[in-house]
file coords.tsv (TSV, C-alpha atoms and all ligand atoms)
chain	number	residue	atom	x	y	z
A	995	MET	CA	208.11	330.27	140.52
A	996	LYS	CA	207.31	327.06	142.39
A	997	ALA	CA	203.65	326.02	142.69
A	998	ALA	CA	201.83	322.94	144.04
A	999	ARG	CA	199.23	321.95	141.47
A	1000	LEU	CA	196.43	319.43	141.26
A	1001	TYR	CA	196.41	317.50	137.97
A	1002	GLU	CA	193.82	314.89	138.83
A	1003	TYR	CA	191.37	314.23	141.67
A	1004	GLY	CA	192.70	311.67	144.12
A	1005	ARG	CA	196.38	312.30	143.27
A	1006	ASP	CA	199.21	314.06	145.10
A	1007	LEU	CA	199.81	317.72	144.31
A	1008	VAL	CA	202.68	318.19	141.85
A	1009	ILE	CA	205.32	320.75	142.78
A	1010	GLU	CA	206.69	322.37	139.66
A	1011	ASP	CA	207.96	325.55	138.06
A	1012	VAL	CA	205.33	327.77	136.46
A	1013	PRO	CA	205.64	331.32	135.05
A	1014	THR	CA	205.38	334.06	137.68
A	1015	PRO	CA	202.26	336.12	136.83
A	1016	THR	CA	202.50	339.79	135.91
A	1017	PRO	CA	199.78	342.05	137.36
A	1018	ALA	CA	197.58	343.59	134.64
A	1019	PRO	CA	195.87	346.95	135.27
A	1020	GLY	CA	193.90	346.78	138.54
A	1021	GLN	CA	195.58	343.56	139.70
A	1022	VAL	CA	198.02	342.95	142.55
A	1023	LEU	CA	200.80	340.38	142.79
A	1024	VAL	CA	201.35	339.03	146.32
A	1025	ARG	CA	204.40	337.03	147.45
A	1026	VAL	CA	202.76	334.31	149.55
A	1027	GLU	CA	204.30	334.07	153.01
A	1028	GLY	CA	201.44	332.02	154.42
A	1029	ALA	CA	198.81	329.78	152.82
A	1030	GLY	CA	196.66	327.92	155.33
A	1031	PHE	CA	195.98	324.29	154.43
A	1032	CYS	CA	192.21	323.97	154.78
A	1033	HIS	CA	190.18	320.82	155.33
A	1034	SER	CA	188.11	321.81	152.29
A	1035	ASP	CA	191.22	321.23	150.18
A	1036	ILE	CA	191.15	317.58	151.24
A	1037	HIS	CA	187.57	317.27	149.94
A	1038	VAL	CA	188.65	318.95	146.69
A	1039	ILE	CA	191.88	316.94	146.22
A	1040	ASP	CA	190.01	313.70	146.96
A	1041	GLY	CA	187.32	314.65	144.43
A	1042	ASP	CA	184.48	314.60	146.99
A	1043	ILE	CA	183.74	318.18	145.90
A	1044	LYS	CA	184.39	318.43	142.17
A	1045	VAL	CA	184.37	322.21	141.81
A	1046	LEU	CA	187.48	322.83	139.75
A	1047	PRO	CA	186.74	324.18	136.25
A	1048	ARG	CA	190.23	323.36	134.97
A	1049	MET	CA	193.34	321.39	135.80
A	1050	PRO	CA	196.12	321.63	136.60
A	1051	LEU	CA	195.18	324.21	139.22
A	1052	THR	CA	197.11	325.68	142.13
A	1053	LEU	CA	194.94	325.33	145.25
A	1054	GLY	CA	195.14	327.54	148.36
A	1055	HIS	CA	192.38	329.96	149.38
A	1056	GLU	CA	193.68	331.15	152.78
A	1057	ASN	CA	196.51	333.51	151.99
A	1058	ALA	CA	198.62	336.37	153.28
A	1059	GLY	CA	201.90	337.86	152.16
A	1060	VAL	CA	203.71	340.89	150.82
A	1061	VAL	CA	202.68	342.99	147.82
A	1062	ALA	CA	205.29	342.28	145.14
A	1063	GLY	CA	203.85	344.28	142.26
A	1064	VAL	CA	200.80	346.34	141.34
A	1065	GLY	CA	199.07	346.88	138.03
A	1066	ALA	CA	198.20	350.31	136.66
A	1067	GLY	CA	195.48	352.10	138.61
A	1068	VAL	CA	196.01	350.30	141.92
A	1069	SER	CA	196.20	352.97	144.61
A	1070	SER	CA	195.40	351.50	148.06
A	1071	VAL	CA	198.44	349.22	148.35
A	1072	ARG	CA	202.03	349.46	147.19
A	1073	GLU	CA	205.01	347.14	146.87
A	1074	GLY	CA	206.20	345.94	150.27
A	1075	ASP	CA	202.81	346.24	152.04
A	1076	ARG	CA	201.92	343.21	154.12
A	1077	VAL	CA	198.40	342.01	153.37
A	1078	ALA	CA	195.80	339.36	154.13
A	1079	VAL	CA	193.97	338.21	151.00
A	1080	PHE	CA	190.21	337.72	150.97
A	1081	GLY	CA	189.70	334.63	148.81
A	1082	GLY	CA	185.96	334.64	148.07
A	1083	TRP	CA	186.34	336.44	144.77
A	1084	GLY	CA	183.19	337.02	142.70
A	1085	CYS	CA	182.13	338.28	139.28
A	1086	GLY	CA	181.64	341.81	140.66
A	1087	ARG	CA	178.31	342.21	138.84
A	1088	CYS	CA	175.64	339.86	140.24
A	1089	ASP	CA	173.24	340.82	143.07
A	1090	PHE	CA	175.45	339.17	145.68
A	1091	CYS	CA	178.61	340.91	144.51
A	1092	VAL	CA	177.03	344.37	144.32
A	1093	THR	CA	175.62	343.96	147.84
A	1094	ALA	CA	179.08	343.03	149.19
A	1095	HIS	CA	178.41	339.29	149.54
A	1096	GLU	CA	180.97	338.28	146.94
A	1097	GLN	CA	181.61	334.92	148.57
A	1098	LEU	CA	178.04	333.98	147.57
A	1099	CYS	CA	178.56	335.03	143.93
A	1100	GLU	CA	176.58	333.10	141.33
A	1101	SER	CA	179.77	332.61	139.29
A	1102	PRO	CA	182.38	332.13	142.01
A	1103	GLN	CA	185.93	333.06	141.08
A	1104	TRP	CA	187.46	331.95	144.38
A	1105	ALA	CA	191.23	331.87	144.80
A	1106	GLY	CA	192.49	328.33	144.25
A	1107	LEU	CA	189.01	326.87	143.71
A	1108	SER	CA	187.97	328.35	140.35
A	1109	ILE	CA	189.67	329.46	137.15
A	1110	HIS	CA	192.07	331.42	139.38
A	1111	ASP	CA	195.18	329.82	140.87
A	1112	GLY	CA	195.51	330.01	144.65
A	1113	GLY	CA	198.29	330.50	147.17
A	1114	TYR	CA	200.16	327.20	147.21
A	1115	ALA	CA	202.78	329.01	145.12
A	1116	GLU	CA	205.45	331.62	145.64
A	1117	TYR	CA	203.24	334.30	144.12
A	1118	LEU	CA	199.48	334.85	144.00
A	1119	LEU	CA	197.79	337.08	141.42
A	1120	VAL	CA	194.91	338.96	143.11
A	1121	PRO	CA	192.31	340.32	140.63
A	1122	HIS	CA	191.55	343.52	142.56
A	1123	GLU	CA	192.93	345.59	145.42
A	1124	ARG	CA	189.55	345.49	147.23
A	1125	TYR	CA	190.37	341.91	148.29
A	1126	LEU	CA	193.37	342.99	150.36
A	1127	VAL	CA	193.38	343.91	154.04
A	1128	THR	CA	196.58	345.69	155.06
A	1129	LEU	CA	198.30	344.35	158.17
A	1130	SER	CA	200.06	346.54	160.72
A	1131	THR	CA	201.78	344.36	163.33
A	1132	LEU	CA	200.23	340.95	162.69
A	1133	ALA	CA	202.57	338.32	161.19
A	1134	THR	CA	201.50	337.17	157.73
A	1135	VAL	CA	201.76	333.52	158.77
A	1136	GLU	CA	199.21	334.21	161.52
A	1137	ALA	CA	197.03	336.33	159.24
A	1138	ALA	CA	196.63	333.63	156.58
A	1139	PRO	CA	194.32	331.33	158.62
A	1140	LEU	CA	192.26	334.33	159.67
A	1141	THR	CA	191.02	334.68	156.06
A	1142	ASP	CA	189.05	331.44	156.32
A	1143	ALA	CA	189.59	329.46	159.55
A	1144	ALA	CA	188.61	332.54	161.59
A	1145	LEU	CA	186.49	334.44	159.04
A	1146	THR	CA	184.08	331.55	158.42
A	1147	PRO	CA	183.15	330.94	162.09
A	1148	TYR	CA	183.11	334.72	162.62
A	1149	ARG	CA	180.29	335.09	160.10
A	1150	ALA	CA	178.40	332.04	161.41
A	1151	ILE	CA	178.60	333.25	165.01
A	1152	LYS	CA	177.79	336.86	164.20
A	1153	LYS	CA	174.67	335.73	162.34
A	1154	ALA	CA	173.68	333.51	165.28
A	1155	LEU	CA	174.21	336.18	167.96
A	1156	PRO	CA	170.47	337.02	168.26
A	1157	PHE	CA	169.93	333.39	169.28
A	1158	LEU	CA	172.68	333.25	171.91
A	1159	MET	CA	172.15	334.21	175.53
A	1160	PRO	CA	174.35	334.16	178.62
A	1161	ASP	CA	172.17	331.62	180.45
A	1162	ARG	CA	171.87	329.12	177.57
A	1163	CYS	CA	174.54	326.85	176.19
A	1164	ALA	CA	175.97	326.95	172.68
A	1165	LEU	CA	177.19	323.74	171.06
A	1166	VAL	CA	180.41	323.48	169.01
A	1167	ILE	CA	180.97	320.26	167.09
A	1168	GLY	CA	184.45	319.65	165.62
A	1169	LEU	CA	187.56	321.28	167.04
A	1170	GLY	CA	189.70	321.60	163.91
A	1171	GLY	CA	191.09	324.98	162.87
A	1172	LEU	CA	187.63	326.53	162.29
A	1173	GLY	CA	186.12	325.00	165.43
A	1174	GLN	CA	188.99	326.31	167.55
A	1175	TYR	CA	188.49	329.82	166.21
A	1176	GLY	CA	184.74	329.31	166.65
A	1177	LEU	CA	185.22	328.54	170.32
A	1178	LYS	CA	187.45	331.58	170.81
A	1179	LEU	CA	184.95	333.86	169.04
A	1180	LEU	CA	181.99	332.51	171.01
A	1181	LYS	CA	183.84	333.25	174.23
A	1182	LEU	CA	184.58	336.74	172.95
A	1183	PHE	CA	181.08	337.62	171.74
A	1184	ALA	CA	178.45	335.43	173.32
A	1185	GLY	CA	179.53	335.03	176.93
A	1186	CYS	CA	177.48	331.85	177.18
A	1187	PRO	CA	178.40	328.37	178.43
A	1188	ILE	CA	179.86	326.27	175.61
A	1189	ILE	CA	179.57	322.54	175.07
A	1190	ALA	CA	182.34	321.22	172.80
A	1191	VAL	CA	182.21	317.84	171.04
A	1192	ASP	CA	184.94	316.03	169.13
A	1193	VAL	CA	185.96	312.44	168.51
A	1194	ARG	CA	189.70	312.81	169.10
A	1195	GLU	CA	191.24	312.98	172.56
A	1196	GLN	CA	193.80	315.61	171.52
A	1197	LYS	CA	191.03	317.88	170.18
A	1198	LEU	CA	189.02	317.43	173.39
A	1199	GLN	CA	192.10	318.57	175.30
A	1200	VAL	CA	192.36	321.64	173.06
A	1201	ALA	CA	188.67	322.42	173.80
A	1202	ARG	CA	189.41	322.26	177.54
A	1203	GLU	CA	192.41	324.55	177.14
A	1204	LEU	CA	190.35	327.04	175.14
A	1205	GLY	CA	187.84	327.21	177.97
A	1206	ALA	CA	184.85	325.16	176.82
A	1207	THR	CA	182.45	324.75	179.74
A	1208	HIS	CA	181.72	321.10	178.97
A	1209	VAL	CA	183.81	318.83	176.76
A	1210	LEU	CA	182.15	315.70	175.40
A	1211	ASP	CA	183.50	312.75	173.44
A	1212	GLY	CA	181.41	312.36	170.29
A	1213	ARG	CA	182.18	308.62	170.24
A	1214	ASP	CA	180.09	308.21	173.40
A	1215	PRO	CA	176.64	306.89	172.33
A	1216	GLU	CA	175.12	308.90	175.21
A	1217	VAL	CA	176.44	312.26	173.95
A	1218	ALA	CA	172.97	313.53	172.87
A	1219	ALA	CA	171.47	312.50	176.22
A	1220	THR	CA	174.31	314.21	178.07
A	1221	ILE	CA	173.67	317.47	176.20
A	1222	ARG	CA	169.99	317.17	177.13
A	1223	ASP	CA	170.95	316.72	180.79
A	1224	LEU	CA	173.41	319.62	180.73
A	1225	THR	CA	170.64	321.89	179.39
A	1226	GLN	CA	167.96	320.61	181.79
A	1227	GLY	CA	166.16	318.98	178.89
A	1228	HIS	CA	165.75	322.21	176.92
A	1229	GLY	CA	168.57	321.92	174.41
A	1230	VAL	CA	171.16	324.47	173.37
A	1231	ALA	CA	170.38	327.95	172.03
A	1232	ALA	CA	172.60	327.52	168.97
A	1233	SER	CA	174.61	324.68	167.45
A	1234	PHE	CA	177.64	325.13	165.23
A	1235	ASP	CA	178.56	322.07	163.21
A	1236	PHE	CA	182.13	322.42	161.94
A	1237	VAL	CA	182.08	318.89	160.51
A	1238	GLY	CA	178.86	318.54	158.49
A	1239	SER	CA	178.52	314.75	158.41
A	1240	ASP	CA	175.18	312.93	158.77
A	1241	ALA	CA	176.03	312.11	162.39
A	1242	THR	CA	177.15	315.58	163.45
A	1243	LEU	CA	174.20	317.29	161.73
A	1244	ALA	CA	171.82	314.88	163.50
A	1245	LEU	CA	173.47	315.73	166.81
A	1246	ALA	CA	173.25	319.48	166.12
A	1247	VAL	CA	169.59	319.39	165.05
A	1248	GLY	CA	168.53	317.15	167.93
A	1249	ALA	CA	170.39	319.22	170.51
A	1250	THR	CA	168.87	322.62	169.61
A	1251	ARG	CA	166.04	324.14	171.62
A	1252	SER	CA	162.89	325.72	170.20
A	1253	LEU	CA	163.60	329.20	168.82
A	1254	GLY	CA	167.22	328.10	168.42
A	1255	LYS	CA	169.51	327.96	165.42
A	1256	VAL	CA	171.60	325.28	163.76
A	1257	SER	CA	174.55	326.59	161.75
A	1258	GLN	CA	176.30	324.19	159.42
A	1259	ILE	CA	179.85	325.26	158.60
A	1260	GLY	CA	181.67	322.00	157.79
A	1261	LEU	CA	181.09	320.35	154.41
A	1262	ALA	CA	181.67	316.66	155.05
A	1263	GLY	CA	178.81	315.76	152.72
A	1264	GLY	CA	176.15	314.99	155.33
A	1265	THR	CA	172.40	315.62	155.03
A	1266	ALA	CA	170.61	317.66	157.67
A	1267	ARG	CA	167.29	315.98	158.48
A	1268	MET	CA	164.73	318.04	160.37
A	1269	LYS	CA	161.31	316.65	161.23
A	1270	VAL	CA	159.35	318.29	164.01
A	1271	LEU	CA	157.86	315.99	166.61
A	1272	GLU	CA	160.61	313.56	165.68
A	1273	ASN	CA	164.19	314.81	165.76
A	1274	SER	CA	163.67	318.58	165.81
A	1275	ARG	CA	161.90	321.02	168.10
A	1276	PHE	CA	159.59	323.73	166.74
A	1277	GLU	CA	160.86	327.03	165.27
A	1278	VAL	CA	164.44	325.90	164.93
A	1279	GLN	CA	166.26	327.73	162.16
A	1280	PHE	CA	168.81	326.03	159.95
A	1281	GLU	CA	171.49	327.78	157.93
A	1282	ALA	CA	174.55	326.59	156.05
A	1283	THR	CA	176.82	329.61	156.27
A	1284	LEU	CA	179.57	330.26	153.79
A	1285	TRP	CA	182.92	331.92	154.42
A	1286	GLY	CA	182.54	335.70	155.09
A	1287	THR	CA	182.67	339.11	153.45
A	1288	VAL	CA	185.60	341.47	152.89
A	1289	LYS	CA	184.18	343.73	155.61
A	1290	GLU	CA	183.97	340.82	158.02
A	1291	LEU	CA	187.61	339.97	157.22
A	1292	ARG	CA	188.55	343.56	158.13
A	1293	GLU	CA	186.75	343.02	161.46
A	1294	VAL	CA	188.52	339.71	162.11
A	1295	ILE	CA	191.92	341.24	161.31
A	1296	ALA	CA	191.10	344.14	163.67
A	1297	LEU	CA	190.30	341.67	166.46
A	1298	ALA	CA	193.62	339.91	165.89
A	1299	GLU	CA	195.65	343.12	165.56
A	1300	SER	CA	194.20	344.40	168.85
A	1301	GLY	CA	195.03	341.17	170.64
A	1302	GLN	CA	191.41	340.26	171.40
A	1303	LEU	CA	191.56	337.23	169.10
A	1304	SER	CA	194.70	335.17	169.68
A	1305	THR	CA	196.03	332.74	167.12
A	1306	ILE	CA	195.40	329.02	167.14
A	1307	PRO	CA	198.56	326.86	167.08
A	1308	ILE	CA	200.32	327.22	163.74
A	1309	GLU	CA	202.63	324.73	162.13
A	1310	ARG	CA	204.72	326.11	159.29
A	1311	ALA	CA	205.56	323.88	156.37
A	1312	PRO	CA	207.54	324.60	153.18
A	1313	LEU	CA	205.80	324.00	149.85
A	1314	GLU	CA	207.85	320.82	149.34
A	1315	ARG	CA	206.06	319.20	152.30
A	1316	ILE	CA	202.51	320.00	151.17
A	1317	ASN	CA	201.50	316.40	150.40
A	1318	GLU	CA	202.71	315.35	153.84
A	1319	VAL	CA	200.56	318.12	155.37
A	1320	TYR	CA	197.57	316.82	153.40
A	1321	ALA	CA	198.08	313.32	154.80
A	1322	ARG	CA	198.60	314.49	158.37
A	1323	LEU	CA	195.55	316.78	158.31
A	1324	LYS	CA	193.47	313.92	156.95
A	1325	ARG	CA	194.62	311.74	159.84
A	1326	GLY	CA	193.70	314.50	162.33
A	1327	GLU	CA	197.32	315.08	163.32
A	1328	ILE	CA	197.49	318.86	162.82
A	1329	GLN	CA	196.92	320.61	166.12
A	1330	GLY	CA	195.64	324.01	164.90
A	1331	ARG	CA	196.46	325.04	161.35
A	1332	ALA	CA	199.23	324.01	159.01
A	1333	VAL	CA	200.39	327.03	157.04
A	1334	ILE	CA	202.39	326.50	153.86
A	1335	THR	CA	205.13	329.11	153.45
A	1336	PRO	CA	206.02	329.12	149.73
A	1337	GLY	CA	207.45	332.65	149.42
A	1338	ALA	CA	208.61	333.25	153.00
B	1	ZN	ZN	188.73	326.69	153.57
B	2	ZN	ZN	178.96	337.83	141.42

call {"tool": "encode", "arguments": {"input": "coords.tsv", "output": "structure tokens"}}
result
Amino acid sequence: MKAARLYEYGRDLVIEDVPTPTPAPGQVLVRVEGAGFCHSDIHVIDGDIKVLPRMPLTLGHENAGVVAGVGAGVSSVREGDRVAVFGGWGCGRCDFCVTAHEQLCESPQWAGLSIHDGGYAEYLLVPHERYLVTLSTLATVEAAPLTDAALTPYRAIKKALPFLMPDRCALVIGLGGLGQYGLKLLKLFAGCPIIAVDVREQKLQVARELGATHVLDGRDPEVAATIRDLTQGHGVAASFDFVGSDATLALAVGATRSLGKVSQIGLAGGTARMKVLENSRFEVQFEATLWGTVKELREVIALAESGQLSTIPIERAPLERINEVYARLKRGEIQGRAVITPGA
């Protein structure tokens, strides 16, 4: 089968033939119809986040497709089933795994980011059937981004719901794939006014189309003052930073009211600085959330299947164009999500 593999940080992915895996007992082989190209992959390919335990490795942690084979003992899915694949695989034994927080596992085994190859290949070997969510009507190419681009903001927003209120603004920084789903989910769950910030005109337009109450250009040096004005000096009830740079974290911390919450989702390598009486109000909580759980993925898929959560714009690309997708995403030219379609 064809796979796009990383041989060295900072280099293009190499598309080559590798053996198609055979599912051992308990495992499931999935023909990958959609593999969302995530911004995290840019950080990994560039070597900003050096997490890969071996190379070459097939990246791709946002996958959906069709079951192509099952190992002995697998009973909840069968060949031909269409599935979304939860990618936050864990060891299955540590405290986090046994309490259903596998994505926080102490020895992460994530698809395409650990010893396990990911979905930028025609076939993906899934270690256990519990990672699969069966689809009914949803297209696999739409389901793939839900496993990260929607699941990650879903968890962050769900955990911040006690902080959100209809008469206080929420702040969304960064309108990439995750930020766009974040905005949609906030509208669905929080019912509060939303301030959206980005530094690209096209993304600001997307925020307007998705119904943000206020859309601000992050390049404007007055953006923090404007947020203060829009909240009558109080600040927002919750901030969601989908970028995670020094500048965006400073904006998120400074914009959040007392008793509020700052959620960091993006991993652009920034440091969150919080000093009360200086840049932060009192009793502000900070949390860097990570991905989501299998149960939360079931909830996200249910929202999409029922039509309550509509898809962000999707651009399909064959495996052969994956390096072009990398370059265009890096330049901010992908409108919603680019989904690689290796086995479609
Ligand atoms: Zn990701
Ligand atoms: Zn574990």

call {"tool": "residues_near_ligand", "arguments": {"input": "coords.tsv", "ligand": "ligand ZN 1 (chain B)", "cutoff": "10 Å", "atoms": "all atoms listed in the file", "output": "list in words"}}
result
Gly1030, Phe1031, Cys1032, His1033, Ser1034, Asp1035, Ile1036, Gly1054, His1055, Glu1056, Gly1081, Leu1107, Pro1139, Thr1141, Asp1142, Ala1143, Ala1144, Leu1145, Thr1146, Gly1171, Leu1172, Gly1260, Leu1261, Leu1284 and Trp1285 of chain A

call {"tool": "closest_residue", "arguments": {"input": "coords.tsv", "among": "A:Arg1194, A:Lys1153, A:Lys1289, A:Arg1213", "to": "Phe1234 (chain A)", "atoms": "only C-alpha atoms"}}
result
A:Lys1153

call {"tool": "closest_residue", "arguments": {"input": "coords.tsv", "among": "A:Cys1088, A:Val1191, A:Met1159, A:Val1068", "to": "ligand ZN 2 (chain B)", "atoms": "only C-alpha atoms and all ligand atoms"}}
result
A:Cys1088

call {"tool": "residues_near_ligand", "arguments": {"input": "coords.tsv", "ligand": "ligand ZN 2 (chain B)", "cutoff": "12 Å", "atoms": "only C-alpha atoms and all ligand atoms", "output": "ChimeraX atom specification"}}
result
/A:1082-1104

call {"tool": "closest_residue", "arguments": {"input": "coords.tsv", "among": "A:His1228, A:Gly1170, A:Gln1279, A:Glu1027", "to": "Lys1324 (chain A)", "atoms": "only C-alpha atoms"}}
result
A:Gly1170

call {"tool": "atom_distance", "arguments": {"input": "coords.tsv", "atom1": "CA of Arg999 (chain A)", "atom2": "CA of Pro1050 (chain A)"}}
result
5.8 Å

call {"tool": "closest_residue", "arguments": {"input": "coords.tsv", "among": "A:Ala1241, A:Ala1298, A:Ala1249, A:Ala1150", "to": "Thr1131 (chain A)", "atoms": "only C-alpha atoms"}}
result
A:Ala1298

call {"tool": "closest_residue", "arguments": {"input": "coords.tsv", "among": "A:Val1256, A:Ala1190, A:Val1064, A:Ala1206", "to": "Pro1015 (chain A)", "atoms": "all atoms listed in the file"}}
result
A:Val1064

call {"tool": "residues_around", "arguments": {"input": "coords.tsv", "residues": "region 1292-1297 of chain A", "least_positions_apart": "6", "cutoff": "8 Å", "atoms": "all atoms listed in the file", "output": "PDB file with C-alpha atoms, keeping the file's coordinate frame"}}
result
ATOM      1  CA  VAL A1127     193.380 343.910 154.040  1.00  0.00           C
ATOM      2  CA  LEU A1129     198.300 344.350 158.170  1.00  0.00           C
ATOM      3  CA  ALA A1137     197.030 336.330 159.240  1.00  0.00           C
ATOM      4  CA  LEU A1140     192.260 334.330 159.670  1.00  0.00           C
ATOM      5  CA  ALA A1144     188.610 332.540 161.590  1.00  0.00           C
ATOM      6  CA  LEU A1145     186.490 334.440 159.040  1.00  0.00           C
ATOM      7  CA  TYR A1148     183.110 334.720 162.620  1.00  0.00           C
ATOM      8  CA  LEU A1303     191.560 337.230 169.100  1.00  0.00           C
TER       9      LEU A1303
END

call {"tool": "atom_distance", "arguments": {"input": "coords.tsv", "atom1": "CA of Glu1299 (chain A)", "atom2": "CA of Ile1189 (chain A)"}}
result
27.8 Å

call {"tool": "build_atoms", "arguments": {"input": "coords.tsv", "residues": "region 1004-1015 of chain A", "atoms": "N, CA, C and O atoms", "output": "short mmCIF file (atom, residue, chain, number, x, y, z; two decimals), keeping the file's coordinate frame"}}
result
data_model
loop_
_atom_site.label_atom_id
_atom_site.label_comp_id
_atom_site.auth_asym_id
_atom_site.auth_seq_id
_atom_site.Cartn_x
_atom_site.Cartn_y
_atom_site.Cartn_z
N GLY A 1004 192.22 312.90 143.49
CA GLY A 1004 192.70 311.67 144.12
C GLY A 1004 194.20 311.46 144.02
O GLY A 1004 194.71 310.43 144.44
N ARG A 1005 194.93 312.44 143.42
CA ARG A 1005 196.38 312.30 143.27
C ARG A 1005 197.10 313.35 144.11
O ARG A 1005 196.53 314.37 144.48
N ASP A 1006 198.37 313.09 144.40
CA ASP A 1006 199.21 314.06 145.10
C ASP A 1006 199.29 315.36 144.30
O ASP A 1006 199.19 315.34 143.07
N LEU A 1007 199.51 316.47 144.99
CA LEU A 1007 199.81 317.72 144.31
C LEU A 1007 201.20 317.61 143.70
O LEU A 1007 202.09 316.99 144.28
N VAL A 1008 201.38 318.23 142.54
CA VAL A 1008 202.68 318.19 141.85
C VAL A 1008 203.36 319.54 142.04
O VAL A 1008 202.79 320.58 141.71
N ILE A 1009 204.59 319.50 142.58
CA ILE A 1009 205.32 320.75 142.78
C ILE A 1009 206.20 320.98 141.56
O ILE A 1009 207.02 320.14 141.21
N GLU A 1010 205.98 322.13 140.91
CA GLU A 1010 206.69 322.37 139.66
C GLU A 1010 206.89 323.86 139.42
O GLU A 1010 206.32 324.69 140.11
N ASP A 1011 207.72 324.16 138.43
CA ASP A 1011 207.96 325.55 138.06
C ASP A 1011 206.90 326.01 137.08
O ASP A 1011 206.60 325.32 136.11
N VAL A 1012 206.31 327.17 137.38
CA VAL A 1012 205.33 327.77 136.46
C VAL A 1012 205.73 329.24 136.29
O VAL A 1012 206.45 329.79 137.13
N PRO A 1013 205.28 329.90 135.22
CA PRO A 1013 205.64 331.32 135.05
C PRO A 1013 205.07 332.17 136.18
O PRO A 1013 203.93 331.96 136.61
N THR A 1014 205.87 333.12 136.66
CA THR A 1014 205.38 334.06 137.68
C THR A 1014 204.44 335.04 136.98
O THR A 1014 204.81 335.63 135.96
N PRO A 1015 203.21 335.22 137.51
CA PRO A 1015 202.26 336.12 136.83
C PRO A 1015 202.70 337.58 136.90
O PRO A 1015 203.43 337.97 137.81
#
